[in-house]
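Report on the structure given below.
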Amino acid sequence: MRAATVAFSHRRAFLVAVGTGWALYGGLGIIGNTRYGTARGLADITRHVPGGLDTLGWMWVVCGAVAALAGLVVNCPRIQSAGYVALGVPAGLWSGAFAAAAASTYPQAVGSACGWGAFTIGVVLVSGMDDPPPPHLRKAGR
């Protein structure tokens, strides 16, 4: 009986690493230790969300777990796509909320809006990339 080998995937590794980071950010950085700037920058959203920042923190935890688990699934692009959506949604929400706060009541939120917006774009770009072919299938000189 031959052991099955699974090729390393940069896309799947990205999902696992960032998904784990998202879950930890939600649990430790939002639910466990909300910072003033985060609370103030998200005030326009939290007044409409039952449970406020705790609910949003759990959104990060769930989305991160979905992304990390999707990264563990081999040869299933649809599940990996769901993982990338799970990474993009909370970062995009944060970007939009901080941009709205920066444009209205909390101008200091502009830095967070730019950072989260850039990260959201990065997730979209990585989601469309292919893993490089294995070494034995690459053309010489590449």
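Naming scheme: A, B, ... for chains in displayed order of the structure tokens; residues 1 onward per chain; ligands 1 onward as shown.
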
- Item | Backbone-only DSSP, alpha helix (DSSP H) members of chain A, as an MDAnalysis selection string | chainID A and resid 10:24 36:41 43:46 53:72 77:103 110:127

- Message: List the spatial neighbours of Ile31 (chain A) as a count of residues only - criterion: any atom at most 8 Å away, only C-alpha atoms, same-chain residues fewer than 2 positions off excluded.
- Response: 10

- Query: Near region 5-14 of chain A, counting only C-alpha atoms, which residues have an atom at most 9 Å away, once you skip same-chain residues fewer than 3 positions from it, shown as a list in words?
  - Reply: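 Contacts, with the query itself left out: Ala17, Val18, Gly19, Ala68, Ala70, Gly71, Leu72, Val73, Val74, Gln80, Val126, Ser127, Met129, Asp130, Asp131, Pro132 and Pro134 of chain A.
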
Can you write just those residues out, all heavy atoms, as a tab-separated table (two decimals), in the first residue's frame?
chain	number	residue	atom	x	y	z
A	17	ALA	N	-3.16	29.97	7.72
A	17	ALA	CA	-2.44	30.96	8.53
A	17	ALA	C	-3.31	32.18	8.83
A	17	ALA	O	-3.43	32.59	10.00
A	17	ALA	CB	-1.16	31.39	7.82
A	18	VAL	N	-3.91	32.75	7.82
A	18	VAL	CA	-4.70	33.97	8.04
A	18	VAL	C	-6.01	33.62	8.74
A	18	VAL	O	-6.47	34.38	9.60
A	18	VAL	CB	-4.92	34.73	6.72
A	18	VAL	CG1	-5.78	35.96	6.94
A	18	VAL	CG2	-3.58	35.13	6.12
A	19	GLY	N	-6.61	32.49	8.42
A	19	GLY	CA	-7.82	32.08	9.11
A	19	GLY	C	-7.59	31.92	10.60
A	19	GLY	O	-8.41	32.36	11.42
A	68	ALA	N	-9.65	28.61	7.92
A	68	ALA	CA	-8.60	27.66	8.29
A	68	ALA	C	-9.00	26.23	7.93
A	68	ALA	O	-8.18	25.48	7.39
A	68	ALA	CB	-8.31	27.76	9.79
A	70	ALA	N	-11.10	25.38	5.57
A	70	ALA	CA	-11.10	25.30	4.10
A	70	ALA	C	-9.69	25.09	3.58
A	70	ALA	O	-9.49	24.41	2.57
A	70	ALA	CB	-11.71	26.57	3.50
A	71	GLY	N	-8.71	25.65	4.26
A	71	GLY	CA	-7.33	25.46	3.85
A	71	GLY	C	-6.81	24.05	4.08
A	71	GLY	O	-5.84	23.64	3.46
A	72	LEU	N	-7.46	23.32	4.94
A	72	LEU	CA	-7.06	21.94	5.20
A	72	LEU	C	-7.65	20.95	4.20
A	72	LEU	O	-7.22	19.81	4.13
A	72	LEU	CB	-7.46	21.54	6.63
A	72	LEU	CG	-6.77	22.33	7.75
A	72	LEU	CD1	-7.35	21.94	9.10
A	72	LEU	CD2	-5.27	22.14	7.70
A	73	VAL	N	-8.65	21.41	3.44
A	73	VAL	CA	-9.30	20.54	2.47
A	73	VAL	C	-8.48	20.54	1.18
A	73	VAL	O	-8.17	21.59	0.62
A	73	VAL	CB	-10.75	21.00	2.20
A	73	VAL	CG1	-11.39	20.15	1.12
A	73	VAL	CG2	-11.56	20.96	3.48
A	74	VAL	N	-8.12	19.36	0.71
A	74	VAL	CA	-7.29	19.21	-0.48
A	74	VAL	C	-8.17	18.96	-1.70
A	74	VAL	O	-9.16	18.24	-1.62
A	74	VAL	CB	-6.30	18.03	-0.29
A	74	VAL	CG1	-5.44	17.83	-1.52
A	74	VAL	CG2	-5.44	18.27	0.94
A	80	GLN	N	-12.34	25.98	-0.85
A	80	GLN	CA	-11.29	27.00	-0.69
A	80	GLN	C	-11.84	28.38	-1.04
A	80	GLN	O	-11.50	29.37	-0.38
A	80	GLN	CB	-10.08	26.64	-1.52
A	80	GLN	CG	-9.37	25.41	-1.00
A	80	GLN	CD	-8.28	24.92	-1.92
A	80	GLN	OE1	-7.87	25.60	-2.85
A	80	GLN	NE2	-7.80	23.70	-1.67
A	126	VAL	N	-4.91	37.15	-3.82
A	126	VAL	CA	-4.39	35.81	-3.53
A	126	VAL	C	-5.42	34.75	-3.91
A	126	VAL	O	-5.06	33.68	-4.40
A	126	VAL	CB	-3.98	35.68	-2.04
A	126	VAL	CG1	-3.66	34.25	-1.67
A	126	VAL	CG2	-2.78	36.57	-1.75
A	127	SER	N	-6.69	35.04	-3.72
A	127	SER	CA	-7.72	34.04	-4.03
A	127	SER	C	-7.73	33.69	-5.52
A	127	SER	O	-8.13	32.58	-5.88
A	127	SER	CB	-9.11	34.54	-3.62
A	127	SER	OG	-9.56	35.56	-4.48
A	129	MET	N	-4.99	33.55	-7.46
A	129	MET	CA	-3.69	33.01	-7.89
A	129	MET	C	-3.72	31.48	-7.92
A	129	MET	O	-4.42	30.85	-7.14
A	129	MET	CB	-2.58	33.47	-6.94
A	129	MET	CG	-2.30	34.92	-6.98
A	129	MET	SD	-1.00	35.30	-5.78
A	129	MET	CE	-0.83	37.04	-6.06
A	130	ASP	N	-2.93	30.93	-8.81
A	130	ASP	CA	-2.75	29.49	-8.86
A	130	ASP	C	-1.49	29.12	-8.09
A	130	ASP	O	-0.54	29.90	-8.04
A	130	ASP	CB	-2.59	29.00	-10.30
A	130	ASP	CG	-3.87	29.16	-11.10
A	130	ASP	OD1	-4.96	29.06	-10.51
A	130	ASP	OD2	-3.79	29.39	-12.32
A	131	ASP	N	-1.49	27.93	-7.51
A	131	ASP	CA	-0.26	27.42	-6.93
A	131	ASP	C	0.71	27.11	-8.06
A	131	ASP	O	0.29	26.70	-9.15
A	131	ASP	CB	-0.52	26.14	-6.13
A	131	ASP	CG	-1.05	26.44	-4.74
A	131	ASP	OD1	-0.56	27.38	-4.11
A	131	ASP	OD2	-1.95	25.71	-4.29
A	132	PRO	N	2.00	27.30	-7.84
A	132	PRO	CA	2.96	26.94	-8.89
A	132	PRO	C	2.94	25.43	-9.12
A	132	PRO	O	2.65	24.66	-8.21
A	132	PRO	CB	4.31	27.40	-8.34
A	132	PRO	CG	4.10	27.57	-6.88
A	132	PRO	CD	2.65	27.82	-6.65
A	134	PRO	N	4.34	21.63	-9.61
A	134	PRO	CA	5.44	20.95	-8.92
A	134	PRO	C	6.73	21.05	-9.73
A	134	PRO	O	6.69	21.24	-10.94
A	134	PRO	CB	4.97	19.50	-8.80
A	134	PRO	CG	3.77	19.37	-9.65
A	134	PRO	CD	3.27	20.73	-9.97

- Tell me which of A:Val110, A:Ala101, A:Leu15, A:Leu125 sits closest to Cys63 (chain A), counting only C-alpha atoms. A:Leu15

- Rounded to one decimal in Å, what is the spacing between CA of Leu24 (chain A) and CA of Trp94 (chain A)? 16.0 Å

- Item | Spatial neighbours of region 119-124 of chain A, 6 Å, only C-alpha atoms, chain gap at least 3 places, as a PyMOL selection string | chain A and resi 88+91-92+116+127

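The interatomic distance for the pair CA of Val89 (chain A) and CA of Met59 (chain A) works out to 9.5 Å.
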
- Message: Can you pull out the residues contacting Phe98 (chain A)? Cut-off 12 Å, using only C-alpha atoms, and skip same-chain residues under 5 positions away; I want them as a VMD selection string.
- Response: chain A and resid 37 to 45 91 to 93 103 to 117

Using only N, CA and C atoms, please write the residues we just selected to a file, as a JSON list (two decimals), in the first residue's frame.
[["chain", "number", "residue", "atom", "x", "y", "z"],
["A", 37, "GLY", "N", -10.08, 52.67, 20.11],
["A", 37, "GLY", "CA", -10.16, 53.07, 18.70],
["A", 37, "GLY", "C", -11.04, 52.13, 17.89],
["A", 38, "THR", "N", -10.98, 50.85, 18.18],
["A", 38, "THR", "CA", -11.82, 49.89, 17.48],
["A", 38, "THR", "C", -13.29, 50.14, 17.82],
["A", 39, "ALA", "N", -13.57, 50.29, 19.10],
["A", 39, "ALA", "CA", -14.95, 50.53, 19.53],
["A", 39, "ALA", "C", -15.49, 51.82, 18.93],
["A", 40, "ARG", "N", -14.69, 52.86, 18.92],
["A", 40, "ARG", "CA", -15.15, 54.15, 18.39],
["A", 40, "ARG", "C", -15.30, 54.09, 16.87],
["A", 41, "GLY", "N", -14.36, 53.46, 16.19],
["A", 41, "GLY", "CA", -14.43, 53.38, 14.74],
["A", 41, "GLY", "C", -15.58, 52.53, 14.23],
["A", 42, "LEU", "N", -16.05, 51.61, 15.06],
["A", 42, "LEU", "CA", -17.14, 50.72, 14.64],
["A", 42, "LEU", "C", -18.48, 51.10, 15.26],
["A", 43, "ALA", "N", -18.55, 52.26, 15.89],
["A", 43, "ALA", "CA", -19.77, 52.67, 16.58],
["A", 43, "ALA", "C", -20.98, 52.72, 15.64],
["A", 44, "ASP", "N", -20.77, 53.11, 14.38],
["A", 44, "ASP", "CA", -21.90, 53.17, 13.44],
["A", 44, "ASP", "C", -22.48, 51.79, 13.15],
["A", 45, "ILE", "N", -21.67, 50.75, 13.25],
["A", 45, "ILE", "CA", -22.16, 49.39, 13.02],
["A", 45, "ILE", "C", -22.71, 48.79, 14.31],
["A", 91, "ALA", "N", -12.76, 41.65, 6.91],
["A", 91, "ALA", "CA", -11.80, 42.72, 6.62],
["A", 91, "ALA", "C", -12.46, 43.82, 5.79],
["A", 92, "GLY", "N", -13.31, 43.44, 4.84],
["A", 92, "GLY", "CA", -14.03, 44.43, 4.05],
["A", 92, "GLY", "C", -15.01, 45.23, 4.89],
["A", 93, "LEU", "N", -15.69, 44.55, 5.82],
["A", 93, "LEU", "CA", -16.61, 45.24, 6.73],
["A", 93, "LEU", "C", -15.86, 46.24, 7.58],
["A", 103, "ALA", "N", -14.76, 59.50, 7.61],
["A", 103, "ALA", "CA", -15.41, 60.56, 6.83],
["A", 103, "ALA", "C", -16.42, 61.36, 7.66],
["A", 104, "SER", "N", -16.78, 60.85, 8.83],
["A", 104, "SER", "CA", -17.81, 61.54, 9.60],
["A", 104, "SER", "C", -17.33, 61.94, 10.99],
["A", 105, "THR", "N", -17.38, 61.04, 11.94],
["A", 105, "THR", "CA", -17.20, 61.41, 13.35],
["A", 105, "THR", "C", -15.84, 61.11, 13.95],
["A", 106, "TYR", "N", -15.00, 60.31, 13.26],
["A", 106, "TYR", "CA", -13.75, 59.87, 13.86],
["A", 106, "TYR", "C", -12.65, 59.87, 12.81],
["A", 107, "PRO", "N", -12.09, 61.05, 12.49],
["A", 107, "PRO", "CA", -11.10, 61.16, 11.41],
["A", 107, "PRO", "C", -9.84, 60.31, 11.62],
["A", 108, "GLN", "N", -9.53, 59.96, 12.87],
["A", 108, "GLN", "CA", -8.35, 59.14, 13.14],
["A", 108, "GLN", "C", -8.50, 57.72, 12.60],
["A", 109, "ALA", "N", -9.68, 57.33, 12.19],
["A", 109, "ALA", "CA", -9.91, 55.97, 11.68],
["A", 109, "ALA", "C", -9.40, 55.79, 10.26],
["A", 110, "VAL", "N", -8.91, 56.84, 9.63],
["A", 110, "VAL", "CA", -8.48, 56.74, 8.24],
["A", 110, "VAL", "C", -7.35, 55.73, 8.04],
["A", 111, "GLY", "N", -6.44, 55.64, 8.98],
["A", 111, "GLY", "CA", -5.33, 54.68, 8.87],
["A", 111, "GLY", "C", -5.84, 53.24, 8.90],
["A", 112, "SER", "N", -6.77, 52.96, 9.79],
["A", 112, "SER", "CA", -7.35, 51.62, 9.86],
["A", 112, "SER", "C", -8.14, 51.32, 8.59],
["A", 113, "ALA", "N", -8.85, 52.30, 8.07],
["A", 113, "ALA", "CA", -9.61, 52.09, 6.83],
["A", 113, "ALA", "C", -8.67, 51.71, 5.69],
["A", 114, "CYS", "N", -7.55, 52.40, 5.58],
["A", 114, "CYS", "CA", -6.58, 52.10, 4.52],
["A", 114, "CYS", "C", -5.97, 50.71, 4.70],
["A", 115, "GLY", "N", -5.57, 50.40, 5.91],
["A", 115, "GLY", "CA", -4.95, 49.10, 6.19],
["A", 115, "GLY", "C", -5.90, 47.93, 5.92],
["A", 116, "TRP", "N", -7.12, 48.02, 6.43],
["A", 116, "TRP", "CA", -8.08, 46.93, 6.22],
["A", 116, "TRP", "C", -8.50, 46.86, 4.76],
["A", 117, "GLY", "N", -8.61, 48.01, 4.09],
["A", 117, "GLY", "CA", -8.94, 47.99, 2.67],
["A", 117, "GLY", "C", -7.86, 47.32, 1.84]]

- Task: Have a look at CA of Ala97 (chain A) and CA of Val61 (chain A) and let me know their distance in Å, one decimal.
- Result: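 Atom-to-atom, CA of Ala97 (chain A) and CA of Val61 (chain A) are spaced 18.5 Å apart.
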